>>> print(open('protein16.cif').read())   # mmCIF, C-alpha atoms
data_data
loop_
_atom_site.label_atom_id
_atom_site.label_comp_id
_atom_site.auth_asym_id
_atom_site.auth_seq_id
_atom_site.Cartn_x
_atom_site.Cartn_y
_atom_site.Cartn_z
CA MET A 1 295.76 210.41 113.52
CA ALA A 2 298.87 208.67 112.17
CA HIS A 3 297.22 208.08 108.79
CA ALA A 4 296.19 211.71 108.54
CA VAL A 5 299.70 212.90 109.41
CA ARG A 6 301.25 210.67 106.76
CA ALA A 7 298.78 212.03 104.23
CA LEU A 8 299.94 215.54 105.03
CA TRP A 9 303.68 214.84 104.80
CA PRO A 10 303.84 214.89 100.95
CA HIS A 11 302.29 218.33 101.07
CA GLY A 12 305.01 219.38 103.50
CA ARG A 13 307.70 218.11 101.11
CA ALA A 14 306.15 220.00 98.21
CA VAL A 15 306.23 223.23 100.20
CA ALA A 16 309.88 222.66 101.11
CA TRP A 17 310.84 221.97 97.48
CA ARG A 18 309.22 225.15 96.25
CA LEU A 19 310.78 227.31 98.94
CA GLY A 20 314.21 225.77 98.44
CA ASP A 21 314.20 226.56 94.69
CA ARG A 22 313.11 230.15 95.01
CA PRO A 23 315.78 232.92 94.77
CA ALA A 24 316.75 234.58 98.03
CA LEU A 25 314.58 237.50 99.02
CA GLY A 26 315.97 240.85 97.81
CA LEU A 27 317.75 239.42 94.73
CA HIS A 28 316.54 240.56 91.32
CA ALA A 29 316.13 238.17 88.44
CA HIS A 30 319.14 239.51 86.52
CA SER A 31 321.49 238.72 89.45
CA ARG A 32 320.71 234.97 89.50
CA ALA A 33 323.73 234.16 87.33
CA GLY A 34 326.02 235.97 89.71
CA PHE A 35 324.43 234.21 92.64
CA THR A 36 324.98 230.85 90.97
CA ARG A 37 328.61 231.61 90.17
CA ALA A 38 329.24 232.81 93.71
CA ALA A 39 327.70 229.65 95.08
CA GLY A 40 330.32 227.65 93.22
CA GLY A 41 333.20 229.36 95.13
CA SER A 42 334.96 228.11 98.23
CA GLY A 43 335.21 229.31 101.83
CA PRO A 44 332.83 229.75 104.73
CA ALA A 45 330.60 232.17 102.89
CA ALA A 46 330.20 229.78 99.99
CA THR A 47 329.52 226.91 102.36
CA ALA A 48 326.88 228.97 104.12
CA ARG A 49 325.31 229.84 100.80
CA LYS A 50 325.22 226.10 99.88
CA ARG A 51 323.56 225.24 103.16
CA GLY A 52 321.06 228.10 103.01
CA PRO A 53 318.56 226.47 100.65
CA ARG A 54 318.89 223.10 102.45
CA LEU A 55 318.25 224.67 105.84
CA LEU A 56 315.32 226.61 104.44
CA GLY A 57 313.94 223.41 102.91
CA ALA A 58 314.36 221.50 106.16
CA ALA A 59 312.68 224.30 108.09
CA ALA A 60 309.78 224.33 105.65
CA LEU A 61 309.50 220.53 105.88
CA ALA A 62 309.33 220.74 109.65
CA LEU A 63 306.81 223.55 109.41
CA GLY A 64 304.66 221.51 107.01
CA GLY A 65 304.74 218.55 109.36
CA ALA A 66 303.88 220.72 112.34
CA LEU A 67 300.98 222.26 110.45
CA GLY A 68 299.82 218.79 109.48
CA LEU A 69 299.87 217.64 113.09
CA TYR A 70 298.06 220.80 114.16
CA HIS A 71 295.27 220.44 111.62
CA THR A 72 294.92 216.71 112.30
CA ALA A 73 294.68 217.28 116.05
CA ARG A 74 292.23 220.10 115.45
CA TRP A 75 290.09 217.85 113.23
CA HIS A 76 290.02 215.10 115.85
CA LEU A 77 289.12 217.54 118.62
CA ARG A 78 286.34 218.96 116.48
CA ALA A 79 285.04 215.46 115.74
CA GLN A 80 285.01 214.74 119.48
CA ASP A 81 283.14 218.00 120.08
CA LEU A 82 280.54 217.07 117.45
CA ARG A 83 280.07 213.62 119.00
CA ALA A 84 279.71 215.23 122.41
CA GLU A 85 277.18 217.71 121.02
CA ARG A 86 275.15 214.89 119.46
CA SER A 87 275.27 212.90 122.72
CA ALA A 88 274.20 215.98 124.68
CA ALA A 89 271.36 216.60 122.21
CA GLN A 90 270.24 212.98 122.49
CA LEU A 91 270.42 213.19 126.30
CA SER A 92 268.32 216.36 126.19
CA LEU A 93 265.71 214.62 124.05
CA SER A 94 265.62 211.52 126.25
CA SER A 95 265.19 213.64 129.38
CA ARG A 96 261.99 215.08 127.89
CA LEU A 97 260.42 211.62 127.73
CA GLN A 98 258.78 209.75 130.57
CA LEU A 99 258.40 206.12 129.56
CA THR A 100 256.42 203.29 131.11
CA LEU A 101 256.91 199.77 129.75
CA TYR A 102 254.12 197.23 130.19
CA GLN A 103 255.63 193.79 129.80
CA TYR A 104 256.03 190.14 130.62
CA LYS A 105 259.65 189.90 131.68
CA THR A 106 260.19 186.55 129.96
CA CYS A 107 258.63 187.65 126.66
CA PRO A 108 261.28 187.93 123.90
CA PHE A 109 259.53 190.93 122.32
CA CYS A 110 259.58 192.76 125.66
CA SER A 111 263.22 191.81 126.17
CA LYS A 112 264.03 193.40 122.79
CA VAL A 113 262.54 196.70 123.94
CA ARG A 114 264.41 196.61 127.26
CA ALA A 115 267.70 195.98 125.44
CA PHE A 116 267.04 199.04 123.26
CA LEU A 117 266.04 201.28 126.17
CA ASP A 118 268.99 200.20 128.30
CA PHE A 119 271.57 200.62 125.53
CA HIS A 120 270.28 204.13 124.77
CA ALA A 121 270.15 205.00 128.48
CA LEU A 122 266.46 205.89 128.30
CA PRO A 123 264.97 205.86 131.81
CA TYR A 124 261.70 203.95 132.11
CA GLN A 125 259.36 202.44 134.63
CA VAL A 126 258.27 198.81 134.34
CA VAL A 127 254.79 197.48 134.95
CA GLU A 128 254.75 193.68 135.03
CA VAL A 129 251.47 192.52 133.52
CA ASN A 130 249.56 189.60 134.96
CA PRO A 131 249.43 187.07 132.09
CA VAL A 132 246.06 185.72 133.23
CA SER A 133 243.97 188.81 133.93
CA ARG A 134 246.05 191.42 132.09
CA ALA A 135 244.38 193.95 134.38
CA GLU A 136 247.36 196.31 134.09
CA ILE A 137 246.58 197.00 130.43
CA LYS A 138 242.79 197.16 130.68
CA PHE A 139 243.05 200.79 129.52
CA SER A 140 244.20 199.56 126.09
CA SER A 141 242.20 198.07 123.24
CA TYR A 142 245.52 196.59 122.05
CA ARG A 143 245.87 193.56 124.31
CA LYS A 144 249.43 192.43 123.64
CA VAL A 145 252.70 193.38 125.28
CA PRO A 146 254.97 195.20 125.08
CA ILE A 147 253.18 198.53 125.29
CA VAL A 148 255.05 201.76 126.00
CA MET A 149 253.30 204.86 127.29
CA ALA A 150 255.40 207.91 126.44
CA GLN A 151 254.80 211.27 128.09
CA GLU A 152 256.36 214.18 126.18
CA GLY A 153 255.33 217.43 127.82
CA GLU A 154 251.54 217.55 127.75
CA SER A 155 251.34 214.83 125.10
CA LEU A 156 250.81 211.18 126.12
CA GLN A 157 251.33 208.59 123.39
CA GLN A 158 250.77 204.84 123.37
CA LEU A 159 253.29 202.82 121.38
CA ASN A 160 252.38 199.24 120.45
CA ASP A 161 254.47 196.41 118.96
CA SER A 162 258.11 195.95 119.91
CA SER A 163 259.55 196.88 116.52
CA VAL A 164 257.35 199.97 116.22
CA ILE A 165 258.37 201.05 119.72
CA ILE A 166 262.05 200.72 118.85
CA SER A 167 261.78 202.40 115.45
CA ALA A 168 259.69 205.29 116.75
CA LEU A 169 261.92 206.01 119.73
CA LYS A 170 265.11 205.75 117.68
CA THR A 171 263.62 208.13 115.09
CA TYR A 172 262.82 210.51 117.93
CA LEU A 173 266.36 210.39 119.32
CA VAL A 174 268.00 210.94 115.93
CA SER A 175 265.63 213.49 114.38
CA GLY A 176 264.06 215.28 117.33
CA GLN A 177 260.63 215.20 115.66
CA PRO A 178 257.65 215.27 118.04
CA LEU A 179 256.74 211.72 119.03
CA ALA A 180 253.08 212.42 118.25
CA ASP A 181 254.06 213.03 114.63
CA ILE A 182 256.42 210.05 114.44
CA ILE A 183 253.85 207.43 115.45
CA THR A 184 251.62 208.44 112.54
CA TYR A 185 254.27 206.94 110.23
CA TYR A 186 253.49 203.47 111.63
CA PRO A 187 249.74 202.99 111.09
CA PRO A 188 248.08 199.76 112.30
CA MET A 189 246.36 197.53 109.77
CA LYS A 190 244.04 194.59 110.30
CA ALA A 191 244.99 191.39 108.52
CA VAL A 192 244.16 187.68 108.60
CA ASN A 193 247.05 185.31 109.31
CA ASP A 194 247.64 181.78 107.99
CA GLN A 195 245.42 180.32 110.70
CA GLY A 196 242.49 182.54 109.68
CA LYS A 197 242.82 184.72 112.77
CA GLU A 198 242.54 188.50 112.56
CA VAL A 199 245.74 190.19 113.64
CA THR A 200 247.05 193.74 113.80
CA GLU A 201 250.09 194.54 111.70
CA PHE A 202 252.00 197.80 111.54
CA CYS A 203 253.27 199.43 108.36
CA ASN A 204 256.91 200.50 108.04
CA LYS A 205 257.85 199.08 111.43
CA TYR A 206 261.49 198.41 110.54
CA TRP A 207 262.00 201.86 109.01
CA LEU A 208 263.47 204.85 110.80
CA MET A 209 261.79 208.01 109.53
CA LEU A 210 264.87 210.11 108.87
CA ASP A 211 265.81 212.65 106.25
CA GLU A 212 268.74 212.01 103.94
CA LYS A 213 271.35 213.73 106.11
CA GLU A 214 270.18 212.00 109.28
CA ALA A 215 270.19 208.61 107.57
CA GLN A 216 273.68 209.22 106.17
CA ARG A 217 274.98 210.24 109.58
CA MET A 218 273.50 207.17 111.24
CA TYR A 219 274.21 204.50 108.64
CA GLY A 220 276.87 205.85 106.31
CA GLY A 221 275.21 204.12 103.36
CA LYS A 222 272.10 202.35 102.11
CA GLU A 223 273.65 198.89 102.50
CA ALA A 224 273.99 199.25 106.28
CA ARG A 225 270.39 200.43 106.59
CA THR A 226 269.05 197.58 104.46
CA GLU A 227 271.11 195.04 106.40
CA GLU A 228 269.81 196.29 109.75
CA MET A 229 266.19 196.11 108.60
CA LYS A 230 266.64 192.65 107.11
CA TRP A 231 267.99 191.15 110.34
CA ARG A 232 265.53 192.95 112.59
CA GLN A 233 262.76 191.31 110.60
CA TRP A 234 264.58 187.96 110.73
CA ALA A 235 264.63 188.18 114.52
CA ASP A 236 260.83 188.68 114.55
CA ASP A 237 259.86 186.29 111.78
CA TRP A 238 262.19 183.40 112.51
CA LEU A 239 264.38 183.58 115.60
CA VAL A 240 261.53 184.29 118.03
CA HIS A 241 259.62 181.23 116.81
CA ILE A 242 262.51 178.90 117.59
CA ILE A 243 262.59 179.89 121.27
CA SER A 244 259.41 178.20 122.58
CA PRO A 245 260.02 174.79 120.97
CA ASN A 246 263.50 174.81 122.53
CA VAL A 247 262.67 175.91 126.07
CA TYR A 248 259.66 173.51 126.20
CA ARG A 249 261.44 170.72 124.32
CA THR A 250 261.08 168.10 127.09
CA PRO A 251 258.77 167.88 130.13
CA ALA A 252 261.69 168.70 132.42
CA GLU A 253 262.68 171.75 130.37
CA ALA A 254 259.05 172.91 130.22
CA LEU A 255 258.75 172.68 134.00
CA ALA A 256 262.03 174.56 134.50
CA SER A 257 260.89 177.26 132.08
CA PHE A 258 257.58 177.78 133.85
CA ASP A 259 259.29 177.80 137.23
CA TYR A 260 261.38 180.70 135.89
CA ILE A 261 258.32 182.42 134.38
CA VAL A 262 256.38 182.23 137.64
CA LYS A 263 259.29 183.57 139.69
CA GLU A 264 259.87 186.52 137.36
CA GLY A 265 256.23 187.22 136.48
CA ASN A 266 253.27 188.86 138.18
CA PHE A 267 251.26 185.89 139.43
CA GLY A 268 249.14 185.36 142.49
CA THR A 269 249.97 182.37 144.73
CA VAL A 270 247.28 180.08 143.29
CA GLU A 271 247.83 181.38 139.76
CA GLY A 272 251.55 180.72 140.08
CA ALA A 273 251.08 177.12 141.19
CA MET A 274 248.58 176.46 138.44
CA ALA A 275 250.76 178.13 135.84
CA LYS A 276 253.86 176.21 136.83
CA TYR A 277 252.40 172.74 136.43
CA VAL A 278 249.40 173.11 134.14
CA GLY A 279 251.16 175.68 131.98
CA ALA A 280 254.29 173.57 131.68
CA ALA A 281 252.29 170.54 130.56
CA ALA A 282 250.26 172.59 128.11
CA MET A 283 253.30 174.31 126.58
CA TYR A 284 255.13 171.02 126.19
CA PHE A 285 252.37 169.81 123.84
CA ILE A 286 251.87 173.21 122.21
CA SER A 287 255.59 173.36 121.42
CA LYS A 288 255.18 170.22 119.33
CA ARG A 289 252.49 171.94 117.30
CA LEU A 290 254.69 175.01 116.93
CA LYS A 291 257.50 172.80 115.67
CA ARG A 292 255.27 171.47 112.90
CA ARG A 293 253.88 174.91 112.05
CA HIS A 294 257.35 176.37 111.55
CA HIS A 295 258.75 173.23 109.88
CA LEU A 296 261.45 172.68 112.50
CA ARG A 297 263.62 169.58 112.74
CA ASP A 298 262.84 166.71 115.08
CA ASP A 299 265.69 167.95 117.25
CA VAL A 300 264.83 171.66 117.48
CA ARG A 301 268.26 172.42 118.94
CA GLU A 302 269.66 172.03 115.43
CA ASP A 303 267.45 174.88 114.22
CA LEU A 304 268.56 177.03 117.14
CA TYR A 305 272.23 176.32 116.51
CA GLU A 306 271.86 176.95 112.79
CA ALA A 307 270.14 180.29 113.39
CA ALA A 308 272.83 181.42 115.84
CA ASN A 309 275.67 180.51 113.49
CA LYS A 310 273.88 182.16 110.57
CA TRP A 311 273.72 185.37 112.59
CA VAL A 312 277.39 185.16 113.56
CA ALA A 313 278.34 184.62 109.92
CA ALA A 314 276.31 187.70 108.94
CA VAL A 315 278.13 189.83 111.51
CA GLY A 316 281.44 188.48 110.20
CA LYS A 317 284.93 188.45 111.65
CA ASP A 318 285.95 192.01 110.76
CA ARG A 319 283.56 193.88 113.03
CA PRO A 320 282.51 193.33 116.64
CA PHE A 321 278.84 194.04 115.90
CA MET A 322 276.61 194.21 112.87
CA GLY A 323 276.51 197.91 113.60
CA GLY A 324 280.31 198.13 113.37
CA GLN A 325 281.96 199.46 116.50
CA LYS A 326 278.71 199.56 118.45
CA PRO A 327 275.50 197.52 118.39
CA ASN A 328 272.81 198.59 115.94
CA LEU A 329 269.10 197.83 116.18
CA ALA A 330 269.59 194.36 114.69
CA ASP A 331 272.25 193.49 117.29
CA LEU A 332 269.94 194.62 120.09
CA ALA A 333 266.96 192.72 118.65
CA VAL A 334 268.80 189.40 118.34
CA TYR A 335 270.39 189.83 121.76
CA GLY A 336 267.02 190.67 123.33
CA VAL A 337 265.36 187.60 121.87
CA LEU A 338 268.10 185.22 123.00
CA ARG A 339 268.41 186.75 126.46
CA VAL A 340 265.06 185.35 127.63
CA MET A 341 266.62 181.86 127.65
CA GLU A 342 269.35 182.77 130.15
CA GLY A 343 269.42 180.31 133.04
CA LEU A 344 267.73 177.56 131.02
CA GLU A 345 269.22 174.43 129.47
CA ALA A 346 268.59 175.71 125.95
CA PHE A 347 270.72 178.81 126.60
CA ASP A 348 273.60 176.77 128.00
CA ASP A 349 273.49 174.47 125.00
CA LEU A 350 273.42 177.47 122.66
CA MET A 351 276.54 178.98 124.20
CA ARG A 352 278.35 175.65 124.19
CA HIS A 353 277.54 174.40 120.70
CA THR A 354 277.66 177.56 118.55
CA HIS A 355 280.00 180.48 117.87
CA ILE A 356 277.67 183.12 119.26
CA GLN A 357 279.03 183.57 122.78
CA PRO A 358 281.77 186.19 122.04
CA TRP A 359 279.30 188.41 120.19
CA TYR A 360 276.64 187.90 122.88
CA LEU A 361 279.04 188.93 125.64
CA ARG A 362 280.15 192.00 123.68
CA VAL A 363 276.54 193.20 123.39
CA GLU A 364 275.94 192.46 127.06
CA LYS A 365 279.00 194.55 127.96
CA ALA A 366 277.98 197.41 125.64
CA ILE A 367 274.56 197.61 127.31
CA ALA A 368 276.05 197.42 130.81
CA GLU A 369 278.49 200.25 129.99
CA ALA A 370 275.86 202.55 128.49
CA PRO A 371 275.90 205.94 130.30
CA GLN A 372 273.12 206.17 132.83
#
>>> encode(input="protein16.cif", output="structure tokens")
Amino acid sequence: MAHAVRALWPHGRAVAWRLGDRPALGLHAHSRAGFTRAAGGSGPAATARKRGPRLLGAAALALGGALGLYHTARWHLRAQDLRAERSAAQLSLSSRLQLTLYQYKTCPFCSKVRAFLDFHALPYQVVEVNPVSRAEIKFSSYRKVPIVMAQEGESLQQLNDSSVIISALKTYLVSGQPLADIITYYPPMKAVNDQGKEVTEFCNKYWLMLDEKEAQRMYGGKEARTEEMKWRQWADDWLVHIISPNVYRTPAEALASFDYIVKEGNFGTVEGAMAKYVGAAAMYFISKRLKRRHHLRDDVREDLYEAANKWVAAVGKDRPFMGGQKPNLADLAVYGVLRVMEGLEAFDDLMRHTHIQPWYLRVEKAIAEAPQ
């Protein structure tokens, strides 16, 4: 507000100058000379006449400043009203959705989706999928998690792939388009990966399907939108692949990781015991293969530290989040991926040996303070 008031003050001075130089009301143009000569006289009347224009100018200056304050305050109140209207509209949209998230709690892709849903205060039910039988998602031909089932009125939609889920739901919140229409913008495509395995990819998954005005309101410019997409993809294509080699780096770390997975997951008693010991041993050796596949260093912690510091450098020192004053989708994606390591040695090392902790705690706080 102070900047706006200062911007208005010159206008106030201009008004005062013009009013102070005008002839007094009721005087004709041919009497100006007499008025000027009279003003040069002495006595109380002359003094009053000298002060008249100054007082009028001061009054106009004060009036200009008061008007400036009034319009500035009015602008701020209107901006608050608009923000409140947008929040109310978003709340109305979110209340029309019934969401069910099928997940593995310790999966970084699932954690990304939870971070998004929690930050946007979208209520959802969680179904923890058994990693062995996957019976909970037997209804789906798509056999990976996360999966979100979204009920909107009479329409039930299945959303697959973490980035598609996030992009589709964010598009829905911003634009209000029917979710059934939105998901058609993210068609699945079959492809063959580097290992010769057929995989399902989704087109446009980092794009929000917004019109020009909606995009401008959300991002403010093309650079912010491009930056968000770039780092969301970085989280999927690089950061996620550093996690497993780090949490299964040593036999002890692998055992601790699977102990955590079994406690948080949906395992039977026998399955849990088998998973803890057999799974830990298997993932210890698999992590070595993953390290070679992704060309990681012998000490994979160095890759983790480098990635964290690269992210912090991209956020920069002049803003608390990549999204500015609040987390954007890239902030939530990176946070969600890293969060799955909480409680493990790799996470403690990450917080201790990089500059990421202040940013991480800010995102954690922003999610915790999201209106419920």
>>> atom_distance(input="protein16.cif", atom1="atom CA of Lys365 of chain A", atom2="atom CA of Trp311 of chain A")
18.7 Å
>>> closest_residue(input="protein16.cif", among="A:Ile367, A:Val334, A:Ala115, A:Ile166", to="Lys230 of chain A", atoms="all atoms listed in the file")
A:Val334
>>> residues_around(input="protein16.cif", residues="segment 322-328 of chain A", least_positions_apart="2", cutoff="9 Å", atoms="all atoms listed in the file", output="list in words")
Phe119, Tyr219, Ala224, Glu227, Glu228, Ala314, Val315, Gly316, Asp318, Arg319, Pro320, Ala330, Asp331, Leu332, Ala333, Arg362, Val363, Ala366 and Ile367 of chain A
>>> closest_residue(input="protein16.cif", among="A:Gln151, A:Ser287, A:Thr184, A:Ser133", to="Leu101 of chain A", atoms="all atoms listed in the file")
A:Gln151
>>> closest_residue(input="protein16.cif", among="A:Leu169, A:Met283, A:Ile242, A:Ile261", to="Tyr305 of chain A", atoms="all atoms listed in the file")
A:Ile242
>>> axis_aligned_box(input="protein16.cif", around="segment 271-279 of chain A", padding_each_side="4 Å", output="AutoDock Vina command-line options")
--center_x 250.8 --center_y 177.1 --center_z 136.6 --size_x 14.0 --size_y 16.6 --size_z 17.2
>>> resolve_selection(input="protein16.cif", expression="the PyMOL selection byres ((chain A and resi 343) around 12)", output="list of chain:residue names")
A:Thr106, A:Val247, A:Glu253, A:Ala256, A:Ser257, A:Asp259, A:Tyr260, A:Ile261, A:Leu338, A:Arg339, A:Val340, A:Met341, A:Glu342, A:Leu344, A:Glu345, A:Ala346, A:Phe347, A:Asp348, A:Asp349, A:Leu350, A:Met351
>>> resolve_selection(input="protein16.cif", expression="the PyMOL selection byres ((chain A and resi 266-275) around 7)", output="ChimeraX atom specification")
/A:128-130,262,265,276-279
>>> write_last_selection(input="protein16.cif", atoms="C-alpha atoms", output="PDB file, keeping the file's coordinate frame")
ATOM      1  CA  GLU A 128     254.750 193.680 135.030  1.00  0.00           C
ATOM      2  CA  VAL A 129     251.470 192.520 133.520  1.00  0.00           C
ATOM      3  CA  ASN A 130     249.560 189.600 134.960  1.00  0.00           C
ATOM      4  CA  VAL A 262     256.380 182.230 137.640  1.00  0.00           C
ATOM      5  CA  GLY A 265     256.230 187.220 136.480  1.00  0.00           C
ATOM      6  CA  LYS A 276     253.860 176.210 136.830  1.00  0.00           C
ATOM      7  CA  TYR A 277     252.400 172.740 136.430  1.00  0.00           C
ATOM      8  CA  VAL A 278     249.400 173.110 134.140  1.00  0.00           C
ATOM      9  CA  GLY A 279     251.160 175.680 131.980  1.00  0.00           C
TER      10      GLY A 279
END
>>> atom_distance(input="protein16.cif", atom1="atom CA of Arg232 of chain A", atom2="atom CA of Ser163 of chain A")
8.2 Å
>>> atom_distance(input="protein16.cif", atom1="atom CA of Ala168 of chain A", atom2="atom CA of Pro146 of chain A")
13.9 Å
>>> closest_residue(input="protein16.cif", among="A:Leu361, A:Val300, A:Leu290, A:Ala368", to="His120 of chain A", atoms="all atoms listed in the file")
A:Ala368
>>> residues_near_point(input="protein16.cif", point="(267.1, 206.6, 108.6)", cutoff="12 Å", atoms="only C-alpha atoms", output="ChimeraX atom specification")
/A:167-168,170-175,204,206-226,228-229,329
>>> resolve_selection(input="protein16.cif", expression="the PyMOL selection byres ((chain A and resi 284) around 7)", output="number ranges by chain")
A: 248-251, 254, 280-283, 285-288
>>> residues_near_point(input="protein16.cif", point="(247.2, 195.7, 116.6)", cutoff="9 Å", atoms="all atoms listed in the file", output="compact mmCIF listing (two decimals) with C-alpha atoms, in the coordinates of the input")
# COMPACT_ATOMS: atom_id res chain seq x y z
CA SER A 141 242.20 198.07 123.24
CA TYR A 142 245.52 196.59 122.05
CA ARG A 143 245.87 193.56 124.31
CA LYS A 144 249.43 192.43 123.64
CA ASN A 160 252.38 199.24 120.45
CA ASP A 161 254.47 196.41 118.96
CA PRO A 188 248.08 199.76 112.30
CA MET A 189 246.36 197.53 109.77
CA LYS A 190 244.04 194.59 110.30
CA VAL A 199 245.74 190.19 113.64
CA THR A 200 247.05 193.74 113.80
CA GLU A 201 250.09 194.54 111.70
CA PHE A 202 252.00 197.80 111.54
>>> residues_around(input="protein16.cif", residues="Gln125 of chain A", least_positions_apart="3", cutoff="10 Å", atoms="only C-alpha atoms", output="list in words")
Gln98, Leu99, Thr100, Leu101, Tyr102, Glu128, Val148 and Met149 of chain A
>>> write_last_selection(input="protein16.cif", atoms="C-alpha atoms", output="PDB file, in the coordinates of the input")
ATOM      1  CA  GLN A  98     258.780 209.750 130.570  1.00  0.00           C
ATOM      2  CA  LEU A  99     258.400 206.120 129.560  1.00  0.00           C
ATOM      3  CA  THR A 100     256.420 203.290 131.110  1.00  0.00           C
ATOM      4  CA  LEU A 101     256.910 199.770 129.750  1.00  0.00           C
ATOM      5  CA  TYR A 102     254.120 197.230 130.190  1.00  0.00           C
ATOM      6  CA  GLU A 128     254.750 193.680 135.030  1.00  0.00           C
ATOM      7  CA  VAL A 148     255.050 201.760 126.000  1.00  0.00           C
ATOM      8  CA  MET A 149     253.300 204.860 127.290  1.00  0.00           C
TER       9      MET A 149
END
>>> closest_residue(input="protein16.cif", among="A:Arg289, A:Leu117, A:Leu97, A:Tyr124", to="Leu179 of chain A", atoms="only C-alpha atoms")
A:Leu97
>>> residues_around(input="protein16.cif", residues="Glu306 of chain A", least_positions_apart="6", cutoff="12 Å", atoms="only C-alpha atoms", output="ChimeraX atom specification")
/A:238-239,242,296-297,299-300,312-313,350,353-356
>>> closest_residue(input="protein16.cif", among="A:Phe109, A:Phe116, A:Tyr185, A:Tyr104", to="Ala370 of chain A", atoms="all atoms listed in the file")
A:Phe116
>>> decode(input="protein16.cif", residues="segment 236-287 of chain A", atoms="C-alpha atoms", output="tab-separated table (two decimals), in the first residue's frame")
chain	number	residue	atom	x	y	z
A	236	ASP	CA	10.24	-37.79	-12.67
A	237	ASP	CA	13.14	-38.42	-15.02
A	238	TRP	CA	16.06	-37.95	-12.65
A	239	LEU	CA	15.33	-37.33	-8.98
A	240	VAL	CA	13.08	-40.38	-8.54
A	241	HIS	CA	15.78	-42.67	-9.93
A	242	ILE	CA	18.32	-41.54	-7.35
A	243	ILE	CA	16.12	-42.58	-4.42
A	244	SER	CA	16.35	-46.39	-4.61
A	245	PRO	CA	20.15	-46.59	-4.98
A	246	ASN	CA	20.44	-44.36	-1.91
A	247	VAL	CA	17.95	-46.05	0.43
A	248	TYR	CA	19.29	-49.53	-0.53
A	249	ARG	CA	22.93	-48.42	-0.65
A	250	THR	CA	24.17	-50.88	2.00
A	251	PRO	CA	22.67	-54.11	3.41
A	252	ALA	CA	21.85	-52.31	6.66
A	253	GLU	CA	20.12	-49.45	4.84
A	254	ALA	CA	18.22	-51.91	2.64
A	255	LEU	CA	16.97	-53.78	5.71
A	256	ALA	CA	15.93	-50.54	7.43
A	257	SER	CA	14.11	-49.42	4.29
A	258	PHE	CA	12.15	-52.65	3.99
A	259	ASP	CA	11.34	-52.62	7.68
A	260	TYR	CA	9.75	-49.20	7.05
A	261	ILE	CA	7.99	-50.42	3.89
A	262	VAL	CA	6.48	-53.41	5.67
A	263	LYS	CA	5.27	-51.32	8.61
A	264	GLU	CA	3.62	-48.72	6.37
A	265	GLY	CA	2.39	-51.08	3.64
A	266	ASN	CA	-0.45	-53.55	3.24
A	267	PHE	CA	1.25	-56.89	3.85
A	268	GLY	CA	0.07	-60.10	5.43
A	269	THR	CA	2.15	-61.52	8.32
A	270	VAL	CA	4.04	-64.05	6.19
A	271	GLU	CA	4.30	-61.64	3.26
A	272	GLY	CA	5.72	-58.98	5.54
A	273	ALA	CA	8.42	-61.25	6.95
A	274	MET	CA	9.38	-62.45	3.50
A	275	ALA	CA	9.39	-58.93	2.10
A	276	LYS	CA	11.53	-57.55	4.89
A	277	TYR	CA	14.41	-59.97	4.49
A	278	VAL	CA	14.16	-61.36	0.97
A	279	GLY	CA	13.08	-58.01	-0.44
A	280	ALA	CA	15.88	-56.16	1.31
A	281	ALA	CA	18.50	-58.55	-0.05
A	282	ALA	CA	17.04	-58.40	-3.54
A	283	MET	CA	16.82	-54.60	-3.61
A	284	TYR	CA	20.38	-54.24	-2.36
A	285	PHE	CA	21.62	-56.04	-5.50
A	286	ILE	CA	19.04	-54.43	-7.78
A	287	SER	CA	20.14	-50.99	-6.58
